[in-house]
file run.txt (compact mmCIF, C-alpha atoms)
# COMPACT_ATOMS: atom_id res chain seq x y z
CA GLY N 1 108.08 115.36 164.65
CA GLU N 2 104.94 113.39 165.38
CA SER N 3 105.42 110.39 167.58
CA VAL N 4 103.53 107.85 169.55
CA GLY N 5 105.32 106.16 172.39
CA LEU N 6 104.86 103.94 175.38
CA HIS N 7 105.96 104.63 178.94
CA LEU N 8 106.98 101.08 179.94
CA PRO N 9 108.65 98.47 177.74
CA THR N 10 107.67 95.54 180.03
CA LEU N 11 104.76 95.06 182.39
CA SER N 12 104.41 92.09 184.73
CA VAL N 13 100.97 91.39 186.14
CA GLN N 14 99.60 88.69 188.39
CA GLU N 15 97.06 86.45 186.73
CA GLY N 16 93.58 87.67 187.57
CA ASP N 17 94.65 91.24 188.24
CA ASN N 18 93.89 94.16 185.95
CA SER N 19 96.54 95.41 183.53
CA ILE N 20 97.03 98.98 182.45
CA ILE N 21 99.23 99.80 179.47
CA ASN N 22 99.97 103.43 178.77
CA CYS N 23 100.79 105.39 175.64
CA ALA N 24 101.69 109.00 174.96
CA TYR N 25 101.18 110.77 171.68
CA SER N 26 102.42 114.11 170.47
CA ASN N 27 100.13 115.07 167.60
CA SER N 28 97.20 116.88 169.17
CA ALA N 29 95.41 116.89 165.80
CA SER N 30 95.15 113.11 165.68
CA ASP N 31 91.57 111.94 165.85
CA TYR N 32 91.79 108.16 165.81
CA PHE N 33 93.75 105.71 167.94
CA ILE N 34 94.07 101.96 167.91
CA TRP N 35 95.43 99.28 170.22
CA TYR N 36 96.95 96.12 168.78
CA LYS N 37 98.08 92.89 170.36
CA GLN N 38 100.92 90.89 168.88
CA GLU N 39 101.62 87.37 170.02
CA SER N 40 104.94 85.74 169.32
CA GLY N 41 105.31 84.74 165.68
CA LYS N 42 102.09 86.41 164.59
CA GLY N 43 101.00 89.66 163.04
CA PRO N 44 99.43 92.45 165.10
CA GLN N 45 95.79 91.89 165.92
CA PHE N 46 93.26 94.70 166.32
CA ILE N 47 91.94 94.97 169.88
CA ILE N 48 90.01 98.19 170.20
CA ASP N 49 89.94 101.70 168.81
CA ILE N 50 88.76 105.11 169.91
CA ARG N 51 88.06 108.40 168.19
CA SER N 52 88.97 111.75 169.63
CA ASN N 53 85.37 112.72 170.29
CA MET N 54 85.27 110.01 172.97
CA ASP N 55 87.00 109.64 176.33
CA LYS N 56 86.34 105.99 176.91
CA ARG N 57 85.38 102.92 175.00
CA GLN N 58 84.79 99.43 176.28
CA GLY N 59 85.12 96.06 174.66
CA GLN N 60 85.18 92.57 175.96
CA ARG N 61 87.47 92.74 179.04
CA VAL N 62 89.26 95.74 177.55
CA THR N 63 88.76 99.46 177.97
CA VAL N 64 90.57 102.27 176.21
CA LEU N 65 90.80 105.68 177.81
CA LEU N 66 91.76 108.83 175.97
CA ASN N 67 92.92 111.97 177.73
CA LYS N 68 93.34 114.64 175.09
CA THR N 69 94.42 117.25 177.61
CA VAL N 70 97.68 115.45 178.32
CA LYS N 71 97.72 113.46 175.07
CA HIS N 72 97.62 110.14 176.81
CA LEU N 73 96.05 106.84 175.86
CA SER N 74 95.68 103.74 178.01
CA LEU N 75 94.52 100.18 177.57
CA GLN N 76 92.99 98.41 180.54
CA ILE N 77 92.64 94.64 180.53
CA ALA N 78 90.37 93.22 183.20
CA ALA N 79 91.13 89.93 184.97
CA THR N 80 94.32 89.31 183.04
CA GLN N 81 94.71 85.80 181.70
CA PRO N 82 97.74 83.83 180.45
CA GLY N 83 96.44 84.28 176.91
CA ASP N 84 96.89 88.02 177.29
CA SER N 85 100.67 87.61 177.22
CA ALA N 86 101.82 89.55 174.19
CA VAL N 87 103.29 92.83 173.04
CA TYR N 88 100.77 95.64 172.93
CA PHE N 89 101.08 98.55 170.53
CA CYS N 90 99.22 101.80 170.41
CA ALA N 91 98.94 103.49 167.04
CA GLU N 92 97.76 106.81 165.77
CA ASN N 93 96.02 106.98 162.41
CA SER N 94 97.12 109.92 160.32
CA ASN N 95 96.63 110.39 156.59
CA TYR N 96 96.52 106.77 155.35
CA GLN N 97 99.24 105.76 157.77
CA LEU N 98 99.56 104.39 161.24
CA ILE N 99 102.19 105.88 163.51
CA TRP N 100 103.26 103.18 165.91
CA GLY N 101 104.68 103.12 169.37
CA ALA N 102 107.54 100.77 170.19
CA GLY N 103 105.34 98.34 172.14
CA THR N 104 104.90 97.09 175.69
CA LYS N 105 105.45 93.48 176.56
CA LEU N 106 102.86 92.15 178.99
CA ILE N 107 103.99 89.25 181.15
CA ILE N 108 101.50 87.27 183.21
CA LYS N 109 102.71 85.81 186.48
CA PRO N 110 100.93 82.65 187.64
CA ASP Y 1 94.67 85.95 159.26
CA ALA Y 2 91.47 85.35 157.39
CA GLY Y 3 91.30 87.32 154.15
CA ILE Y 4 94.98 88.14 153.88
CA THR Y 5 97.90 85.87 153.13
CA GLN Y 6 101.60 86.49 152.72
CA SER Y 7 104.08 84.40 150.80
CA PRO Y 8 106.59 83.08 151.38
CA ARG Y 9 106.48 82.74 155.17
CA HIS Y 10 110.23 82.34 155.39
CA LYS Y 11 113.03 83.09 152.98
CA VAL Y 12 116.80 83.11 153.08
CA THR Y 13 118.56 84.91 150.26
CA GLU Y 14 122.03 86.10 149.40
CA THR Y 15 123.17 89.70 149.37
CA GLY Y 16 122.65 91.33 146.01
CA THR Y 17 119.84 89.08 144.82
CA PRO Y 18 116.36 90.34 144.02
CA VAL Y 19 113.50 89.25 146.26
CA THR Y 20 109.75 89.64 145.87
CA LEU Y 21 107.26 89.21 148.67
CA ARG Y 22 103.59 88.78 147.93
CA CYS Y 23 100.52 89.94 149.81
CA HIS Y 24 97.15 88.63 148.70
CA GLN Y 25 93.75 89.71 150.05
CA THR Y 26 90.24 88.45 149.47
CA GLU Y 27 88.49 91.35 151.24
CA ASN Y 28 88.45 93.75 148.28
CA HIS Y 29 89.94 96.43 150.54
CA ARG Y 30 91.24 99.56 148.91
CA TYR Y 31 94.27 100.17 151.11
CA MET Y 32 97.27 97.88 151.44
CA TYR Y 33 100.48 98.40 153.36
CA TRP Y 34 103.92 96.88 153.74
CA TYR Y 35 105.69 97.18 157.09
CA ARG Y 36 108.92 95.87 158.46
CA GLN Y 37 109.38 94.99 162.10
CA ASP Y 38 112.74 95.04 163.82
CA PRO Y 39 113.66 94.86 167.51
CA GLY Y 40 113.68 98.32 169.04
CA HIS Y 41 111.90 99.91 166.09
CA GLY Y 42 108.40 98.57 166.25
CA LEU Y 43 106.54 98.61 162.93
CA ARG Y 44 107.80 100.91 160.21
CA LEU Y 45 105.92 101.65 157.03
CA ILE Y 46 107.76 100.86 153.78
CA HIS Y 47 105.16 101.57 151.11
CA TYR Y 48 101.42 101.68 150.86
CA SER Y 49 98.77 101.59 148.17
CA TYR Y 50 95.44 103.37 147.99
CA GLY Y 51 94.25 101.67 144.83
CA VAL Y 52 95.32 99.76 141.77
CA LYS Y 53 98.54 101.30 140.45
CA ASP Y 54 98.37 103.95 143.16
CA THR Y 55 101.23 103.65 145.62
CA ASP Y 56 103.29 105.92 147.81
CA LYS Y 57 106.37 105.79 149.99
CA GLY Y 58 106.47 105.28 153.72
CA GLU Y 59 109.19 106.24 156.16
CA VAL Y 60 111.68 103.49 155.20
CA SER Y 61 111.17 103.08 151.44
CA ASP Y 62 114.82 103.19 150.29
CA GLY Y 63 115.83 99.90 148.65
CA TYR Y 64 112.23 98.78 148.18
CA SER Y 65 109.70 99.03 145.37
CA VAL Y 66 106.08 97.94 145.18
CA SER Y 67 103.48 97.16 142.59
CA ARG Y 68 99.74 96.76 142.65
CA SER Y 69 98.32 95.64 139.34
CA LYS Y 70 95.22 94.10 140.90
CA THR Y 71 93.14 95.00 143.93
CA GLU Y 72 93.97 91.73 145.63
CA ASP Y 73 97.74 91.67 145.22
CA PHE Y 74 100.44 93.96 146.59
CA LEU Y 75 104.02 93.00 145.82
CA LEU Y 76 107.11 94.19 147.66
CA THR Y 77 110.42 93.92 145.81
CA LEU Y 78 113.94 94.25 147.11
CA GLU Y 79 115.89 94.94 143.93
CA SER Y 80 119.23 94.00 145.46
CA ALA Y 81 118.91 92.60 148.96
CA THR Y 82 121.25 93.79 151.69
CA SER Y 83 121.85 92.44 155.18
CA SER Y 84 120.13 95.51 156.65
CA GLN Y 85 116.92 94.27 155.04
CA THR Y 86 116.88 91.18 157.20
CA SER Y 87 113.60 91.61 159.02
CA VAL Y 88 110.06 90.42 159.46
CA TYR Y 89 107.75 91.92 156.86
CA PHE Y 90 104.06 92.41 157.46
CA CYS Y 91 101.35 93.25 155.00
CA ALA Y 92 98.17 94.96 156.18
CA ILE Y 93 94.85 95.86 154.59
CA SER Y 94 92.20 98.40 155.41
CA GLY Y 95 88.88 99.35 153.92
CA MET Y 96 89.08 102.95 155.03
CA THR Y 97 91.80 105.36 156.04
CA ASP Y 98 90.45 105.78 159.56
CA ASN Y 99 89.83 102.18 160.37
CA GLY Y 100 91.69 99.33 161.95
CA TYR Y 101 94.06 97.30 159.84
CA THR Y 102 94.11 93.54 159.36
CA PHE Y 103 97.62 92.11 159.26
CA GLY Y 104 99.02 89.08 157.59
CA SER Y 105 101.11 86.52 159.44
CA GLY Y 106 104.39 87.97 158.24
CA THR Y 107 107.38 86.93 156.15
CA ARG Y 108 110.69 86.36 157.87
CA LEU Y 109 113.44 87.37 155.46
CA THR Y 110 117.10 86.68 156.13
CA VAL Y 111 119.75 88.15 153.86
CA VAL Y 112 123.11 86.45 154.19
call {"tool": "encode", "arguments": {"input": "run.txt", "output": "C-alpha cells"}}
result
Amino acid sequence: GESVGLHLPTLSVQEGDNSIINCAYSNSASDYFIWYKQESGKGPQFIIDIRSNMDKRQGQRVTVLLNKTVKHLSLQIAATQPGDSAVYFCAENSNYQLIWGAGTKLIIKP
Amino acid sequence: DAGITQSPRHKVTETGTPVTLRCHQTENHRYMYWYRQDPGHGLRLIHYSYGVKDTDKGEVSDGYSVSRSKTEDFLLTLESATSSQTSVYFCAISGMTDNGYTFGSGTRLTVV
C-alpha cells in the first residue's frame, strides 16, 4: 500500500551545523508534501510544504528538496540551533488525508 | 495553537466508560481531523470531517465515533473505552484539502 517513511529514527547534529532529514514515499501520484516539527508535549507544527511541480522550496533556515525520480523528500535545516530539537515528520497529502511517516528525532549536541 | 483548542488536556478513565473529547476551532475551516499518536506508530487518522454532519472514517476508526453539528466543533467519542485506546489524541484543521494542517495541543487519555 501507500506509505511514507523515514530513513533514520534519530539524528544527532552539532549545534551550528546543517541538518538533513530524509523521507521516502511510495505513491508516485502524490502531488503535495509537508514537513512538520513536533516538540515534546506539543502538537505537530507546520514547517514547510512543497508541491510536485517543484524540486526545491526555501523558507527561513529550512529548505525542502523533492526528487520525484527516486520518490525522496528531504528537509535541510541551516545552522541548527538548540530550539530545533524535536521530532520531524514528513507527510503526504492524499484525498483529504495526510499519510505520515514515523518521524525522525533530531538531537542537537552543544 | 491559536484558533484551535482541545479539551480536556488530560483525562484518566476506567475501562468500559464512555469518553468524549472536544475540538473547537475559531478559523471557520471546513476540514477537521482526529488523530491518535502512539510510540512507534506516528500519527494515525481516526475520523475526519469535510463539513457539518459530513464525516468519514480513517485508518483506525474502530471503537470511535464522531459528530460535527457545528462548523467549529468536532467531537470524538469512545463509546466504551479500552486500555488499547490509551493514547495522545490530536485534532487538526485545514481550510483546503491540499494545504497544511493546524494541530491542537493534544489530549492525553489514559484508560485504566
call {"tool": "interface_residues", "arguments": {"input": "run.txt", "of": "chain N", "to": "chain Y", "cutoff": "10 Å", "atoms": "only C-alpha atoms", "output": "PDB file with C-alpha atoms, in the frame of the given file"}}
result
ATOM      1  CA  ASP N  31      91.570 111.940 165.850  1.00  0.00           C
ATOM      2  CA  TYR N  32      91.790 108.160 165.810  1.00  0.00           C
ATOM      3  CA  PHE N  33      93.750 105.710 167.940  1.00  0.00           C
ATOM      4  CA  ILE N  34      94.070 101.960 167.910  1.00  0.00           C
ATOM      5  CA  TRP N  35      95.430  99.280 170.220  1.00  0.00           C
ATOM      6  CA  TYR N  36      96.950  96.120 168.780  1.00  0.00           C
ATOM      7  CA  GLY N  41     105.310  84.740 165.680  1.00  0.00           C
ATOM      8  CA  LYS N  42     102.090  86.410 164.590  1.00  0.00           C
ATOM      9  CA  GLY N  43     101.000  89.660 163.040  1.00  0.00           C
ATOM     10  CA  PRO N  44      99.430  92.450 165.100  1.00  0.00           C
ATOM     11  CA  GLN N  45      95.790  91.890 165.920  1.00  0.00           C
ATOM     12  CA  PHE N  46      93.260  94.700 166.320  1.00  0.00           C
ATOM     13  CA  ILE N  47      91.940  94.970 169.880  1.00  0.00           C
ATOM     14  CA  ILE N  48      90.010  98.190 170.200  1.00  0.00           C
ATOM     15  CA  ASP N  49      89.940 101.700 168.810  1.00  0.00           C
ATOM     16  CA  ARG N  51      88.060 108.400 168.190  1.00  0.00           C
ATOM     17  CA  PHE N  89     101.080  98.550 170.530  1.00  0.00           C
ATOM     18  CA  ALA N  91      98.940 103.490 167.040  1.00  0.00           C
ATOM     19  CA  GLU N  92      97.760 106.810 165.770  1.00  0.00           C
ATOM     20  CA  ASN N  93      96.020 106.980 162.410  1.00  0.00           C
ATOM     21  CA  SER N  94      97.120 109.920 160.320  1.00  0.00           C
ATOM     22  CA  ASN N  95      96.630 110.390 156.590  1.00  0.00           C
ATOM     23  CA  TYR N  96      96.520 106.770 155.350  1.00  0.00           C
ATOM     24  CA  GLN N  97      99.240 105.760 157.770  1.00  0.00           C
ATOM     25  CA  LEU N  98      99.560 104.390 161.240  1.00  0.00           C
ATOM     26  CA  ILE N  99     102.190 105.880 163.510  1.00  0.00           C
ATOM     27  CA  TRP N 100     103.260 103.180 165.910  1.00  0.00           C
ATOM     28  CA  GLY N 101     104.680 103.120 169.370  1.00  0.00           C
ATOM     29  CA  ALA N 102     107.540 100.770 170.190  1.00  0.00           C
ATOM     30  CA  GLY N 103     105.340  98.340 172.140  1.00  0.00           C
TER      31      GLY N 103
END
call {"tool": "atom_distance", "arguments": {"input": "run.txt", "atom1": "atom CA of N:Leu65", "atom2": "atom CA of N:Ile107"}}
result
21.3 Å
call {"tool": "atom_distance", "arguments": {"input": "run.txt", "atom1": "atom CA of N:Ile50", "atom2": "atom CA of Y:Gly95"}}
result
17.0 Å
call {"tool": "closest_residue", "arguments": {"input": "run.txt", "among": "Y:His10, Y:Arg36, Y:His29, Y:Lys70", "to": "Y:Val52", "atoms": "only C-alpha atoms"}}
result
Y:Lys70
call {"tool": "atom_distance", "arguments": {"input": "run.txt", "atom1": "atom CA of N:Asn27", "atom2": "atom CA of Y:Arg30"}}
result
25.9 Å
call {"tool": "closest_residue", "arguments": {"input": "run.txt", "among": "Y:Asn28, Y:Thr5, Y:Thr86, Y:Thr55", "to": "Y:Val112", "atoms": "all atoms listed in the file"}}
result
Y:Thr86
call {"tool": "closest_residue", "arguments": {"input": "run.txt", "among": "Y:Gly16, Y:Thr26, Y:Ser61, Y:Arg68", "to": "Y:Thr82", "atoms": "all atoms listed in the file"}}
result
Y:Gly16
call {"tool": "closest_residue", "arguments": {"input": "run.txt", "among": "Y:Glu59, Y:Tyr35, Y:Leu76, Y:Ile46", "to": "Y:Arg22", "atoms": "only C-alpha atoms"}}
result
Y:Leu76
call {"tool": "build_atoms", "arguments": {"input": "run.txt", "residues": "stretch 66-77 of chain Y", "atoms": "all heavy atoms", "output": "PDB file, in the frame of the given file"}}
result
ATOM      1  N   VAL Y  66     107.327  98.676 145.071  1.00  0.00           N
ATOM      2  CA  VAL Y  66     106.080  97.940 145.180  1.00  0.00           C
ATOM      3  C   VAL Y  66     105.314  98.022 143.872  1.00  0.00           C
ATOM      4  O   VAL Y  66     105.555  98.894 143.045  1.00  0.00           O
ATOM      5  CB  VAL Y  66     105.179  98.469 146.327  1.00  0.00           C
ATOM      6  CG1 VAL Y  66     105.770  98.142 147.694  1.00  0.00           C
ATOM      7  CG2 VAL Y  66     104.926  99.965 146.162  1.00  0.00           C
ATOM      8  N   SER Y  67     104.380  97.104 143.734  1.00  0.00           N
ATOM      9  CA  SER Y  67     103.480  97.160 142.590  1.00  0.00           C
ATOM     10  C   SER Y  67     102.136  96.614 143.000  1.00  0.00           C
ATOM     11  O   SER Y  67     102.034  95.691 143.805  1.00  0.00           O
ATOM     12  CB  SER Y  67     104.041  96.367 141.408  1.00  0.00           C
ATOM     13  OG  SER Y  67     104.101  94.986 141.704  1.00  0.00           O
ATOM     14  N   ARG Y  68     101.107  97.219 142.396  1.00  0.00           N
ATOM     15  CA  ARG Y  68      99.740  96.760 142.650  1.00  0.00           C
ATOM     16  C   ARG Y  68      98.981  96.842 141.333  1.00  0.00           C
ATOM     17  O   ARG Y  68      98.421  97.866 140.987  1.00  0.00           O
ATOM     18  CB  ARG Y  68      99.070  97.599 143.728  1.00  0.00           C
ATOM     19  CG  ARG Y  68      97.762  96.949 144.201  1.00  0.00           C
ATOM     20  CD  ARG Y  68      97.244  97.619 145.420  1.00  0.00           C
ATOM     21  NE  ARG Y  68      95.994  97.046 145.863  1.00  0.00           N
ATOM     22  CZ  ARG Y  68      95.164  97.655 146.673  1.00  0.00           C
ATOM     23  NH1 ARG Y  68      95.447  98.877 147.127  1.00  0.00           N
ATOM     24  NH2 ARG Y  68      94.050  97.070 147.039  1.00  0.00           N
ATOM     25  N   SER Y  69      98.988  95.718 140.633  1.00  0.00           N
ATOM     26  CA  SER Y  69      98.320  95.640 139.340  1.00  0.00           C
ATOM     27  C   SER Y  69      96.882  95.150 139.481  1.00  0.00           C
ATOM     28  O   SER Y  69      96.068  95.321 138.551  1.00  0.00           O
ATOM     29  CB  SER Y  69      99.094  94.734 138.394  1.00  0.00           C
ATOM     30  OG  SER Y  69      99.209  93.435 138.947  1.00  0.00           O
ATOM     31  N   LYS Y  70      96.574  94.572 140.625  1.00  0.00           N
ATOM     32  CA  LYS Y  70      95.220  94.100 140.900  1.00  0.00           C
ATOM     33  C   LYS Y  70      94.853  94.471 142.335  1.00  0.00           C
ATOM     34  O   LYS Y  70      95.728  94.605 143.184  1.00  0.00           O
ATOM     35  CB  LYS Y  70      95.128  92.567 140.752  1.00  0.00           C
ATOM     36  CG  LYS Y  70      95.448  92.048 139.372  1.00  0.00           C
ATOM     37  CD  LYS Y  70      95.251  90.544 139.301  1.00  0.00           C
ATOM     38  CE  LYS Y  70      96.295  89.808 140.127  1.00  0.00           C
ATOM     39  NZ  LYS Y  70      96.152  88.320 139.965  1.00  0.00           N
ATOM     40  N   THR Y  71      93.591  94.633 142.597  1.00  0.00           N
ATOM     41  CA  THR Y  71      93.140  95.000 143.930  1.00  0.00           C
ATOM     42  C   THR Y  71      93.645  94.019 144.980  1.00  0.00           C
ATOM     43  O   THR Y  71      94.042  94.406 146.076  1.00  0.00           O
ATOM     44  CB  THR Y  71      91.606  95.048 143.996  1.00  0.00           C
ATOM     45  OG1 THR Y  71      91.136  96.042 143.102  1.00  0.00           O
ATOM     46  CG2 THR Y  71      91.104  95.351 145.402  1.00  0.00           C
ATOM     47  N   GLU Y  72      93.682  92.754 144.637  1.00  0.00           N
ATOM     48  CA  GLU Y  72      93.970  91.730 145.630  1.00  0.00           C
ATOM     49  C   GLU Y  72      95.447  91.478 145.910  1.00  0.00           C
ATOM     50  O   GLU Y  72      95.785  90.829 146.882  1.00  0.00           O
ATOM     51  CB  GLU Y  72      93.290  90.412 145.247  1.00  0.00           C
ATOM     52  CG  GLU Y  72      93.682  89.866 143.872  1.00  0.00           C
ATOM     53  CD  GLU Y  72      92.709  90.305 142.789  1.00  0.00           C
ATOM     54  OE1 GLU Y  72      92.181  91.434 142.867  1.00  0.00           O
ATOM     55  OE2 GLU Y  72      92.498  89.515 141.846  1.00  0.00           O
ATOM     56  N   ASP Y  73      96.322  91.977 145.055  1.00  0.00           N
ATOM     57  CA  ASP Y  73      97.740  91.670 145.220  1.00  0.00           C
ATOM     58  C   ASP Y  73      98.603  92.926 145.368  1.00  0.00           C
ATOM     59  O   ASP Y  73      98.467  93.885 144.593  1.00  0.00           O
ATOM     60  CB  ASP Y  73      98.263  90.860 144.030  1.00  0.00           C
ATOM     61  CG  ASP Y  73      97.713  89.448 144.006  1.00  0.00           C
ATOM     62  OD1 ASP Y  73      97.557  88.865 145.087  1.00  0.00           O
ATOM     63  OD2 ASP Y  73      97.453  88.935 142.902  1.00  0.00           O
ATOM     64  N   PHE Y  74      99.508  92.862 146.346  1.00  0.00           N
ATOM     65  CA  PHE Y  74     100.440  93.960 146.590  1.00  0.00           C
ATOM     66  C   PHE Y  74     101.812  93.330 146.761  1.00  0.00           C
ATOM     67  O   PHE Y  74     102.036  92.560 147.697  1.00  0.00           O
ATOM     68  CB  PHE Y  74     100.004  94.735 147.835  1.00  0.00           C
ATOM     69  CG  PHE Y  74     100.681  96.052 148.048  1.00  0.00           C
ATOM     70  CD1 PHE Y  74     101.096  96.843 146.975  1.00  0.00           C
ATOM     71  CD2 PHE Y  74     100.889  96.551 149.336  1.00  0.00           C
ATOM     72  CE1 PHE Y  74     101.691  98.083 147.177  1.00  0.00           C
ATOM     73  CE2 PHE Y  74     101.485  97.790 149.547  1.00  0.00           C
ATOM     74  CZ  PHE Y  74     101.890  98.553 148.456  1.00  0.00           C
ATOM     75  N   LEU Y  75     102.712  93.629 145.825  1.00  0.00           N
ATOM     76  CA  LEU Y  75     104.020  93.000 145.820  1.00  0.00           C
ATOM     77  C   LEU Y  75     105.083  93.962 146.344  1.00  0.00           C
ATOM     78  O   LEU Y  75     105.093  95.147 145.987  1.00  0.00           O
ATOM     79  CB  LEU Y  75     104.399  92.569 144.396  1.00  0.00           C
ATOM     80  CG  LEU Y  75     103.415  91.631 143.683  1.00  0.00           C
ATOM     81  CD1 LEU Y  75     103.932  91.305 142.285  1.00  0.00           C
ATOM     82  CD2 LEU Y  75     103.185  90.370 144.485  1.00  0.00           C
ATOM     83  N   LEU Y  76     105.972  93.430 147.139  1.00  0.00           N
ATOM     84  CA  LEU Y  76     107.110  94.190 147.660  1.00  0.00           C
ATOM     85  C   LEU Y  76     108.375  93.581 147.079  1.00  0.00           C
ATOM     86  O   LEU Y  76     108.607  92.376 147.228  1.00  0.00           O
ATOM     87  CB  LEU Y  76     107.155  94.132 149.177  1.00  0.00           C
ATOM     88  CG  LEU Y  76     108.354  94.813 149.843  1.00  0.00           C
ATOM     89  CD1 LEU Y  76     108.245  96.337 149.711  1.00  0.00           C
ATOM     90  CD2 LEU Y  76     108.444  94.433 151.320  1.00  0.00           C
ATOM     91  N   THR Y  77     109.199  94.405 146.438  1.00  0.00           N
ATOM     92  CA  THR Y  77     110.420  93.920 145.810  1.00  0.00           C
ATOM     93  C   THR Y  77     111.643  94.587 146.400  1.00  0.00           C
ATOM     94  O   THR Y  77     111.671  95.817 146.548  1.00  0.00           O
ATOM     95  CB  THR Y  77     110.390  94.149 144.292  1.00  0.00           C
ATOM     96  OG1 THR Y  77     109.305  93.407 143.728  1.00  0.00           O
ATOM     97  CG2 THR Y  77     111.692  93.681 143.644  1.00  0.00           C
TER      98      THR Y  77
END
